[in-house]
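Some notes on the structure that comes next.
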Number of protein chains: 4
Amino acid sequence: MPEHRVAVVGAGGFGGALCAHIVHHHPSLELTAVTARSGAGRRHDELYRRYRVPLGMEEFDADAIAERADAALVAYPHKAAALAVKALRERGLKVVDLSADFRLDQARYEHWYQPHEAPELLDEAVYGMPELHREAIRSADLVAGPGCNSTAALLALLPVRGRIEEAAVDVKAGVSGAGREATDETHFVSVVDNVNAYKVEGHRHTAELEQELPGVHFSFVAHLLPIDQGILASCYARPSAPITAAEAHELAVETYRDEPFVEVVSDPPRTRDVRDTNRATVQVTVVNERVLAFCAIDNLWKGAAGQAVQDLNLMLGLPETEGLR
Amino acid sequence: MPEHRVAVVGAGGFGGALCAHIVHHHPSLELTAVTARSGAGRRHDELYRRYRVPLGMEEFDADAIAERADAALVAYPHKAAALAVKALRERGLKVVDLSADFRLDQARYEHWYQPHEAPELLDEAVYGMPELHREAIRSADLVAGPGCNSTAALLALLPVRGRIEEAAVDVKAGVSGAGREATDETHFVSVVDNVNAYKVEGHRHTAELEQELPGVHFSFVAHLLPIDQGILASCYARPSAPITAAEAHELAVETYRDEPFVEVVSDPPRTRDVRDTNRATVQVTVVNERVLAFCAIDNLWKGAAGQAVQDLNLMLGLPETEGLR
Amino acid sequence: MPEHRVAVVGAGGFGGALCAHIVHHHPSLELTAVTARSGAGRRHDELYRRYRVPLGMEEFDADAIAERADAALVAYPHKAAALAVKALRERGLKVVDLSADFRLDQARYEHWYQPHEAPELLDEAVYGMPELHREAIRSADLVAGPGCNSTAALLALLPVRGRIEEAAVDVKAGVSGAGREATDETHFVSVVDNVNAYKVEGHRHTAELEQELPGVHFSFVAHLLPIDQGILASCYARPSAPITAAEAHELAVETYRDEPFVEVVSDPPRTRDVRDTNRATVQVTVVNERVLAFCAIDNLWKGAAGQAVQDLNLMLGLPETEGLR
Amino acid sequence: MPEHRVAVVGAGGFGGALCAHIVHHHPSLELTAVTARSGAGRRHDELYRRYRVPLGMEEFDADAIAERADAALVAYPHKAAALAVKALRERGLKVVDLSADFRLDQARYEHWYQPHEAPELLDEAVYGMPELHREAIRSADLVAGPGCNSTAALLALLPVRGRIEEAAVDVKAGVSGAGREATDETHFVSVVDNVNAYKVEGHRHTAELEQELPGVHFSFVAHLLPIDQGILASCYARPSAPITAAEAHELAVETYRDEPFVEVVSDPPRTRDVRDTNRATVQVTVVNERVLAFCAIDNLWKGAAGQAVQDLNLMLGLPETEGLR
């Protein structure tokens, strides 16, 4: 018998659609509402047949949702997300927000985005990476799901936290990370047989990385690949003191010894091996005096919807891995 | 009327097969022989229908080739290549070798590979990147075609030569770069929906980069992508003195002002745009005090066969771009 | 607590590997042994990381397996399969065989394959498509898993059984159907950006179709696509008497009303929607007086391993869908 | 020195863009104008970098074009095409139209499309398949470029013209055939890992086939594949009298003996082998008393722009293959 009623706000996009799927099939959660900004009125399983969520999509109405749900996953673009989160928090729902709106402190956010729509909530928001903030997430009412690129980069570099001065983060990302909107950039003919950088400036991502791994000078570039789901982060870091490959590997093993979703490996991580799972595969080594750290995740799972449900499990006192195997 | 008779040795692999195609359709060259280690006896256009080279593939016989050719492109694996090159040079042919055998000085080569099979030829060998060594190539009898990964990395970084101390080179490469052999790694099911690093050690490549761009501390990792042809090199470099994005761009424009095959762009290079061409697209910029340099090439063209014919054109006194447009 | 001990024979290939995965995660089955012809000695999850089966692969030894298992899934190539099945049946195990060895009657088999290695078992073998032979499967000790191409074609055409005289079956299949062996045909560079027919003769498949849908004159061609998993069968059939699109659709709805894994749809089935599931999506319509019938399945699931476990569930008296959702 | 001035109308779409590329690099043609309905004002090589056409795109203005061009290739959608063609014909230009507007007789056209915008031109229009109507094309002022699906199907079946009663045409097509517009259907995530039928009704295509191959009862379904360029037509035909595989093959050899762009083969045609060329590869055989005929083309070349230039060459008295090798 499901113990908690959950709404997914913004279930028409890739991340929100998967949230709906995971919640709907989760043994302790009941999916009670799905909303979509466009597409309201259609059934979810008509738009996403393979997710098999037999609910109609509604317009967002905070009161209507509050009557039916105790918690919500919000998968709106930034700015729109803050407004929805605010409305839901005012009605007492626990919320995991998948946008950038509650990831950064106000100064960083307003420097790289725009004036914040709900700055009064920033204090209560917890950065939703369990590997970094598990205990804070357990007692939070508002959790900010990390970005998919940052999740991969942080999981790669966490083992050498405090031991590196500078890092170049080269992210290779599947097209679902660019969103469901049909554009010239997401047209099949633009993507197939191709690879290119697409976030060369990358300031928004370095802000997130610098906040969570302070003291490191970051470069960050994301690249678009002809795969649908998956992110590989390749990180090249200058250590502050000499370190061996064996030590780096051992640090990774130590860091993730008790983590249910992070696996430390000795061979290069492959996105294919974690596709459609909430797992992350991490390799950390040293070559030619530089730390090389790799992490593969599925951007829609550990990089978005899967990690959001992992957060929600913690917030609701459920087993952390429930519904995610 | 073709002026020069050319043989392609090792025309069964991807690089050699394209050499045969380009030479066969080149207005000033006559393709007089193609050899293959396996596959001898079969017609080339049976194995590579789209290249339309109507010749039978022969076993390698230096004397037989010397009777019919004045120059040769050798596309054997390293070590086997040195032996073939030696035999052909002894018979007076001009040679472009596509393997690693004549790219490095003897010390570097023997450190990362094995004892050299023809060390006496190393002195006359010229590193075949026209953008670096055009005049030397013109008068050379033996040219070592650069590796595809190094070609992309060097073209990205040449504009900031002398201005950087350290660089991480992240190469994203199509499967044809891994060779024609059918293996677990090149099986479609291993490659599709996937990306992974595959040359994490990378010492052989850093040796080549350090030789051609001395004074820079390199990290190098190649990644395998689900595309057939194409390489994107993304380079993250620490400058020795502050430099602006505009200065970096201007350096690239200056460096390549007269280059027939290198195009400097302001948007991220796309491998798709150079597919099946000998062109390279280069972007150099500065973000967050680090130089970001990108280069896209087709690994089989500018990264192998195309550049080899570009070298041969120079060696034979032909227009550098002939047969390559 | 698992009730039945099951071995997977031939777990190194794509179909057998998935059998091991499904059995290992099945609530009522215990995977007690996995064998592989090559690869014995390695761990299964080293070869197939994403399937997460933590067992070592053994050489095949019928006695050793009989000690530990009550049932077996055999995923060997034909001929080798018959010998293994014979050995296991002699030791009392229930067997689902995924090869062609027990699908056809002896005459058909020996006409298109070779002399049968265990003809005495043919009488007890049941063709393992539950939608055709559910009751016989329940009481069988030996079940022949249908071919993936035939599964898709039969599911498309079953609704119009008895109403068509002739059918052209055009199958579009992912590369995993061609097997795990690395060959020129399965090399990424051969498959990507390509489509071609590869089983133009197709006699073995028409034999299977003619046996299960007698009275229809079949043409059959399989095509290889650049996808890893998935089969779409497109069937063009001449009806023996006029039929409308609405009637054809209604026949499909009737035929599959109680089927747990077959879904009748009004839009063209997409392989993507059934990927990594045991489901089949079927559309049957009539255009220009011809029946057009389509079926999409995942060749490794409903076309091989998933259907084999569905059969095994029936043979063991378990819920038919257990372990397959 | 180019002899003829040519405009490309509608150069922003995939087909028109390639027309511009071919004309621009054609030794006897000068590309004097490119127009685009959206995108006017931008340079063509900004939108299509790899085609390297250094012209600005203009709004369509028949007078302005007539001043600068003697002939035009029109690559607008149907209906808009007829209007542009009419305006250009009134100003004396020879025209090849790539839309459906002049392929069918008026009755067929208006049955499947809409009232015709320039019915007075239908009499002078010639169906632009040189393999069927070469002499008529030579003297035509208006040529209707065949559809890409019909080109593949007709080339497959021409050898058995007059010998078949019924044919099912199963077309497998790359995404560029669906056009440059970004839609849910052309989004990378919809296409990759997928295959589905998408023109099940197919009446417009059967109309074109029935007109050019009268007396055959056609079924036609097009499928969308995860490739960018390429069409494979697989045809299953019932012969009106028995025919052997050898006879069918010989008919194909005879039919195409003098054709510069059609190659008859004995193995299944592969789209990869004709990619980026104007060639068609055809196999015709007989299995189980049915004719199986296959044709592979590049939908943008022989299926659209390449064939249009082939037509234009004929209309202008140029060598038929000029600019197309």
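Following the order of the structure tokens, first chain is A, next is B, and so on, with residues numbered from 1 inside each chain and ligands from 1 in the order they appear.
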Quiz item: Where in range 86-155 of chain C does DSSP assign strand (DSSP E or B), given as a ChimeraX atom specification?
Solution: /C:94-97,125-127,142-144
Exercise. Show which residues sit within 8 Å of range 274-290 of chain C, as a ChimeraX atom specification. Count only C-alpha atoms, and ignore same-chain residues fewer than 3 positions away.
Key: /A:50 /C:152,155-156,159,229-230,236-239,242-246,248-249,252,261-271,293-298,300-302,306-307,324-325 /D:200-201,218-219
Quiz item: Quick one, how far is CA of Leu292 in chain B from CA of Val195 in chain B?
Solution: 21.8 Å
Practice problem: Write out as a ChimeraX atom specification the residues lying within 8 Å of His203 in chain A, counting only C-alpha atoms and excluding same-chain residues fewer than 3 positions away. | Solution: /A:112,206-207,220
Would you export the selected residues with N, CA and C atoms as a short mmCIF file (atom, residue, chain, number, x, y, z; two decimals), in the first residue's frame, please?
```cif
data_model
loop_
_atom_site.label_atom_id
_atom_site.label_comp_id
_atom_site.auth_asym_id
_atom_site.auth_seq_id
_atom_site.Cartn_x
_atom_site.Cartn_y
_atom_site.Cartn_z
N TRP A 112 24.55 34.62 -12.62
CA TRP A 112 24.55 33.84 -13.87
C TRP A 112 23.16 33.65 -14.47
N THR A 206 30.30 25.89 -13.82
CA THR A 206 31.45 26.05 -12.93
C THR A 206 30.99 26.66 -11.61
N ALA A 207 29.97 27.50 -11.63
CA ALA A 207 29.46 28.05 -10.38
C ALA A 207 28.99 26.93 -9.46
N PHE A 220 35.15 24.15 -17.79
CA PHE A 220 34.05 23.23 -18.04
C PHE A 220 33.55 23.39 -19.47
#
```
Practice problem: If you run DSSP over the backbone, which residues in range 23-266 of chain C end up alpha helix (DSSP H)? Put them as an MDAnalysis selection string. | Solution: chainID C and resid 23:24 44:47 62:68 80:90 106:112 130:138 148:157 188:191 203:212 245:255
Quiz item: How far is it from CA of Ala80 in chain B to CA of Ala182 in chain B, in Å with one decimal?
Solution: 19.9 Å
Which residues come within 10 Å of Tyr113 in chain A, counting only C-alpha atoms, excluding same-chain residues fewer than 3 positions away, as an mmCIF file with all heavy atoms, in the first residue's frame?
```
data_model
loop_
_atom_site.group_PDB
_atom_site.id
_atom_site.type_symbol
_atom_site.label_atom_id
_atom_site.label_comp_id
_atom_site.auth_asym_id
_atom_site.auth_seq_id
_atom_site.Cartn_x
_atom_site.Cartn_y
_atom_site.Cartn_z
ATOM 1 N N HIS A 78 14.235 26.653 -15.241
ATOM 2 C CA HIS A 78 14.494 27.593 -14.156
ATOM 3 C C HIS A 78 13.584 28.816 -14.314
ATOM 4 O O HIS A 78 13.067 29.104 -15.360
ATOM 5 C CB HIS A 78 15.977 27.957 -14.078
ATOM 6 C CG HIS A 78 16.559 28.558 -15.301
ATOM 7 N ND1 HIS A 78 16.413 29.886 -15.632
ATOM 8 C CD2 HIS A 78 17.292 28.016 -16.284
ATOM 9 C CE1 HIS A 78 17.048 30.119 -16.757
ATOM 10 N NE2 HIS A 78 17.585 29.004 -17.186
ATOM 11 N N LYS A 79 13.382 29.511 -13.254
ATOM 12 C CA LYS A 79 12.480 30.652 -13.114
ATOM 13 C C LYS A 79 11.025 30.174 -12.987
ATOM 14 O O LYS A 79 10.380 30.488 -11.991
ATOM 15 C CB LYS A 79 12.599 31.633 -14.280
ATOM 16 C CG LYS A 79 11.841 32.940 -13.995
ATOM 17 C CD LYS A 79 12.189 34.007 -15.023
ATOM 18 C CE LYS A 79 11.368 35.252 -14.757
ATOM 19 N NZ LYS A 79 11.576 36.295 -15.757
ATOM 20 N N ALA A 100 17.660 24.610 -11.846
ATOM 21 C CA ALA A 100 18.814 25.250 -11.226
ATOM 22 C C ALA A 100 18.419 26.221 -10.122
ATOM 23 O O ALA A 100 19.295 26.759 -9.435
ATOM 24 C CB ALA A 100 19.614 26.005 -12.292
ATOM 25 N N ASP A 101 17.115 26.427 -9.910
ATOM 26 C CA ASP A 101 16.698 27.574 -9.101
ATOM 27 C C ASP A 101 17.132 27.537 -7.646
ATOM 28 O O ASP A 101 17.289 28.589 -7.014
ATOM 29 C CB ASP A 101 15.169 27.740 -9.178
ATOM 30 C CG ASP A 101 14.756 28.422 -10.479
ATOM 31 O OD1 ASP A 101 15.649 28.887 -11.215
ATOM 32 O OD2 ASP A 101 13.542 28.480 -10.756
ATOM 33 N N ALA A 107 23.652 35.008 -4.561
ATOM 34 C CA ALA A 107 24.609 35.835 -5.316
ATOM 35 C C ALA A 107 25.044 35.119 -6.597
ATOM 36 O O ALA A 107 25.005 35.683 -7.701
ATOM 37 C CB ALA A 107 25.825 36.157 -4.453
ATOM 38 N N ARG A 108 25.439 33.877 -6.446
ATOM 39 C CA ARG A 108 25.847 33.114 -7.633
ATOM 40 C C ARG A 108 24.676 33.005 -8.625
ATOM 41 O O ARG A 108 24.839 33.170 -9.818
ATOM 42 C CB ARG A 108 26.282 31.704 -7.229
ATOM 43 C CG ARG A 108 27.721 31.590 -6.742
ATOM 44 C CD ARG A 108 28.141 30.108 -6.700
ATOM 45 N NE ARG A 108 29.554 29.955 -6.383
ATOM 46 C CZ ARG A 108 30.043 29.807 -5.158
ATOM 47 N NH1 ARG A 108 29.222 29.821 -4.117
ATOM 48 N NH2 ARG A 108 31.340 29.667 -4.968
ATOM 49 N N TYR A 109 23.509 32.673 -8.101
ATOM 50 C CA TYR A 109 22.361 32.482 -8.981
ATOM 51 C C TYR A 109 22.069 33.752 -9.768
ATOM 52 O O TYR A 109 21.909 33.721 -11.001
ATOM 53 C CB TYR A 109 21.130 32.076 -8.173
ATOM 54 C CG TYR A 109 19.918 31.815 -9.044
ATOM 55 C CD1 TYR A 109 19.709 30.554 -9.601
ATOM 56 C CD2 TYR A 109 19.002 32.824 -9.335
ATOM 57 C CE1 TYR A 109 18.608 30.305 -10.412
ATOM 58 C CE2 TYR A 109 17.908 32.584 -10.150
ATOM 59 C CZ TYR A 109 17.711 31.329 -10.690
ATOM 60 O OH TYR A 109 16.642 31.079 -11.502
ATOM 61 N N GLU A 110 21.996 34.874 -9.081
ATOM 62 C CA GLU A 110 21.592 36.104 -9.766
ATOM 63 C C GLU A 110 22.698 36.629 -10.669
ATOM 64 O O GLU A 110 22.434 37.362 -11.626
ATOM 65 C CB GLU A 110 21.141 37.142 -8.739
ATOM 66 C CG GLU A 110 19.932 36.604 -7.941
ATOM 67 C CD GLU A 110 19.155 37.663 -7.175
ATOM 68 O OE1 GLU A 110 19.717 38.732 -6.902
ATOM 69 O OE2 GLU A 110 17.957 37.391 -6.878
ATOM 70 N N HIS A 116 16.089 36.248 -8.516
ATOM 71 C CA HIS A 116 15.472 35.010 -8.038
ATOM 72 C C HIS A 116 14.002 35.255 -7.700
ATOM 73 O O HIS A 116 13.656 36.273 -7.142
ATOM 74 C CB HIS A 116 16.220 34.477 -6.814
ATOM 75 C CG HIS A 116 15.998 33.024 -6.588
ATOM 76 N ND1 HIS A 116 14.825 32.510 -6.108
ATOM 77 C CD2 HIS A 116 16.801 31.963 -6.814
ATOM 78 C CE1 HIS A 116 14.920 31.196 -6.026
ATOM 79 N NE2 HIS A 116 16.118 30.832 -6.453
ATOM 80 N N ARG A 204 27.655 28.749 -15.705
ATOM 81 C CA ARG A 204 26.646 28.269 -14.769
ATOM 82 C C ARG A 204 27.065 26.954 -14.128
ATOM 83 O O ARG A 204 26.786 26.706 -12.969
ATOM 84 C CB ARG A 204 25.320 28.083 -15.508
ATOM 85 C CG ARG A 204 24.731 29.408 -15.954
ATOM 86 C CD ARG A 204 23.482 29.199 -16.778
ATOM 87 N NE ARG A 204 22.832 30.476 -17.047
ATOM 88 C CZ ARG A 204 21.669 30.586 -17.673
ATOM 89 N NH1 ARG A 204 21.040 29.507 -18.100
ATOM 90 N NH2 ARG A 204 21.134 31.771 -17.875
#
```
Non-local contacts of Arg161 in chain C (9 Å; only C-alpha atoms; under 4 positions in same chain excluded) as a tab-separated table (two decimals) with N, CA, C and O atoms, in the first residue's frame:
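Generated file (selection_12.tsv):
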```tsv
chain	number	residue	atom	x	y	z
C	157	LEU	N	0.64	-11.57	-37.80
C	157	LEU	CA	-0.30	-12.23	-38.71
C	157	LEU	C	-1.32	-13.14	-38.03
C	157	LEU	O	-2.33	-13.51	-38.65
C	213	LEU	N	1.64	-21.23	-39.47
C	213	LEU	CA	0.50	-20.62	-40.17
C	213	LEU	C	0.29	-21.34	-41.49
C	213	LEU	O	0.54	-20.78	-42.56
C	214	PRO	N	-0.16	-22.57	-41.44
C	214	PRO	CA	-0.24	-23.36	-42.68
C	214	PRO	C	-1.22	-22.74	-43.68
C	214	PRO	O	-2.17	-22.06	-43.30
C	216	VAL	N	-0.45	-20.52	-46.05
C	216	VAL	CA	-0.06	-19.21	-46.55
C	216	VAL	C	1.25	-19.35	-47.34
C	216	VAL	O	2.18	-20.03	-46.90
```
Report as a PDB file with N, CA and C atoms, in the first residue's frame all protein, DNA and RNA residues lying within 7 Å of range 88-96 of chain A, evaluated on only C-alpha atoms, omitting residues in the same chain fewer than 5 positions from it.
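Output below, filename out.pdb:
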```pdb
ATOM      1  N   ALA A  62      -1.770  24.796  -7.995  1.00  0.00           N
ATOM      2  CA  ALA A  62      -1.155  24.425  -6.719  1.00  0.00           C
ATOM      3  C   ALA A  62      -2.193  23.925  -5.718  1.00  0.00           C
ATOM      4  N   ALA A  66      -2.197  20.300  -4.007  1.00  0.00           N
ATOM      5  CA  ALA A  66      -2.046  20.183  -2.557  1.00  0.00           C
ATOM      6  C   ALA A  66      -3.124  19.304  -1.955  1.00  0.00           C
ATOM      7  N   ASP A  70       1.287  14.925  -0.994  1.00  0.00           N
ATOM      8  CA  ASP A  70       2.068  15.356   0.168  1.00  0.00           C
ATOM      9  C   ASP A  70       3.461  15.812  -0.244  1.00  0.00           C
ATOM     10  N   ALA A  71       3.831  15.461  -1.431  1.00  0.00           N
ATOM     11  CA  ALA A  71       5.166  15.820  -1.906  1.00  0.00           C
ATOM     12  C   ALA A  71       5.103  15.999  -3.421  1.00  0.00           C
ATOM     13  N   ALA A  72       6.073  16.727  -3.943  1.00  0.00           N
ATOM     14  CA  ALA A  72       6.079  16.951  -5.386  1.00  0.00           C
ATOM     15  C   ALA A  72       7.504  16.946  -5.921  1.00  0.00           C
ATOM     16  N   LEU A  73       7.634  16.445  -7.151  1.00  0.00           N
ATOM     17  CA  LEU A  73       8.867  16.607  -7.914  1.00  0.00           C
ATOM     18  C   LEU A  73       8.558  17.655  -8.976  1.00  0.00           C
ATOM     19  N   VAL A  74       9.370  18.701  -9.032  1.00  0.00           N
ATOM     20  CA  VAL A  74       9.123  19.795  -9.968  1.00  0.00           C
ATOM     21  C   VAL A  74      10.196  19.773 -11.054  1.00  0.00           C
ATOM     22  N   ASP A 141      12.922  19.980   3.677  1.00  0.00           N
ATOM     23  CA  ASP A 141      11.602  20.057   3.043  1.00  0.00           C
ATOM     24  C   ASP A 141      11.722  20.497   1.585  1.00  0.00           C
ATOM     25  N   LEU A 142      12.867  21.054   1.254  1.00  0.00           N
ATOM     26  CA  LEU A 142      13.099  21.487  -0.130  1.00  0.00           C
ATOM     27  C   LEU A 142      14.506  21.066  -0.550  1.00  0.00           C
ATOM     28  N   VAL A 143      14.572  20.285  -1.602  1.00  0.00           N
ATOM     29  CA  VAL A 143      15.858  19.792  -2.093  1.00  0.00           C
ATOM     30  C   VAL A 143      16.026  20.224  -3.536  1.00  0.00           C
ATOM     31  N   ALA A 144      17.235  20.695  -3.852  1.00  0.00           N
ATOM     32  CA  ALA A 144      17.548  21.098  -5.223  1.00  0.00           C
ATOM     33  C   ALA A 144      18.303  19.979  -5.900  1.00  0.00           C
ATOM     34  N   GLY A 145      17.677  19.333  -6.863  1.00  0.00           N
ATOM     35  CA  GLY A 145      18.358  18.258  -7.579  1.00  0.00           C
ATOM     36  C   GLY A 145      19.542  18.818  -8.357  1.00  0.00           C
ATOM     37  N   ALA A 308      16.445  12.489  -8.009  1.00  0.00           N
ATOM     38  CA  ALA A 308      15.364  13.204  -7.337  1.00  0.00           C
ATOM     39  C   ALA A 308      14.543  12.248  -6.476  1.00  0.00           C
ATOM     40  N   LEU A 312      13.957  12.075  -2.528  1.00  0.00           N
ATOM     41  CA  LEU A 312      12.621  11.998  -1.937  1.00  0.00           C
ATOM     42  C   LEU A 312      12.531  10.829  -0.964  1.00  0.00           C
TER      43      LEU A 312
END
```
Self-check item: Separation of CA of Asp311 in chain A from CA of Arg5 in chain A in Å
Solution: 15.4 Å
Practice problem: List the neighbours of Cys19 in chain B out to 8 Å using only C-alpha atoms; skip same-chain residues closer than 3 positions along the sequence, and give me the result as an MDAnalysis selection string. | Solution: chainID B and resid 8 11 15:16 22:23 73 305:306 308:309
Residues just named, written with N, CA, C and O atoms as a short mmCIF file (atom, residue, chain, number, x, y, z; two decimals), in the first residue's frame:
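For reference, out_38.cif as written:
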```cif
data_model
loop_
_atom_site.label_atom_id
_atom_site.label_comp_id
_atom_site.auth_asym_id
_atom_site.auth_seq_id
_atom_site.Cartn_x
_atom_site.Cartn_y
_atom_site.Cartn_z
N VAL B 8 49.91 1.88 -53.24
CA VAL B 8 49.44 1.96 -51.86
C VAL B 8 49.66 0.60 -51.22
O VAL B 8 49.10 -0.41 -51.67
N ALA B 11 46.36 -1.56 -48.41
CA ALA B 11 45.13 -0.90 -48.85
C ALA B 11 43.88 -1.60 -48.35
O ALA B 11 42.77 -1.24 -48.73
N GLY B 15 42.50 3.31 -43.49
CA GLY B 15 43.34 4.42 -43.96
C GLY B 15 43.92 4.14 -45.33
O GLY B 15 43.87 4.99 -46.24
N GLY B 16 44.46 2.96 -45.51
CA GLY B 16 45.04 2.60 -46.80
C GLY B 16 44.00 2.54 -47.91
O GLY B 16 44.28 2.91 -49.06
N ILE B 22 41.83 8.05 -53.07
CA ILE B 22 42.25 9.42 -53.41
C ILE B 22 43.27 9.38 -54.56
O ILE B 22 43.18 10.16 -55.50
N VAL B 23 44.23 8.48 -54.46
CA VAL B 23 45.25 8.41 -55.52
C VAL B 23 44.60 8.04 -56.86
O VAL B 23 44.91 8.62 -57.89
N LEU B 73 52.49 5.10 -50.70
CA LEU B 73 51.89 5.40 -49.40
C LEU B 73 51.82 4.07 -48.65
O LEU B 73 51.27 3.10 -49.17
N ALA B 305 44.76 9.53 -44.56
CA ALA B 305 45.00 9.42 -45.99
C ALA B 305 45.05 10.77 -46.69
O ALA B 305 45.88 10.98 -47.60
N GLY B 306 44.18 11.66 -46.33
CA GLY B 306 44.16 12.97 -46.99
C GLY B 306 45.45 13.73 -46.74
O GLY B 306 46.06 14.27 -47.67
N ALA B 308 48.27 12.44 -45.97
CA ALA B 308 49.36 11.73 -46.64
C ALA B 308 49.46 12.16 -48.11
O ALA B 308 50.56 12.36 -48.64
N VAL B 309 48.32 12.32 -48.77
CA VAL B 309 48.36 12.76 -50.16
C VAL B 309 48.76 14.24 -50.22
O VAL B 309 49.49 14.66 -51.14
#
```
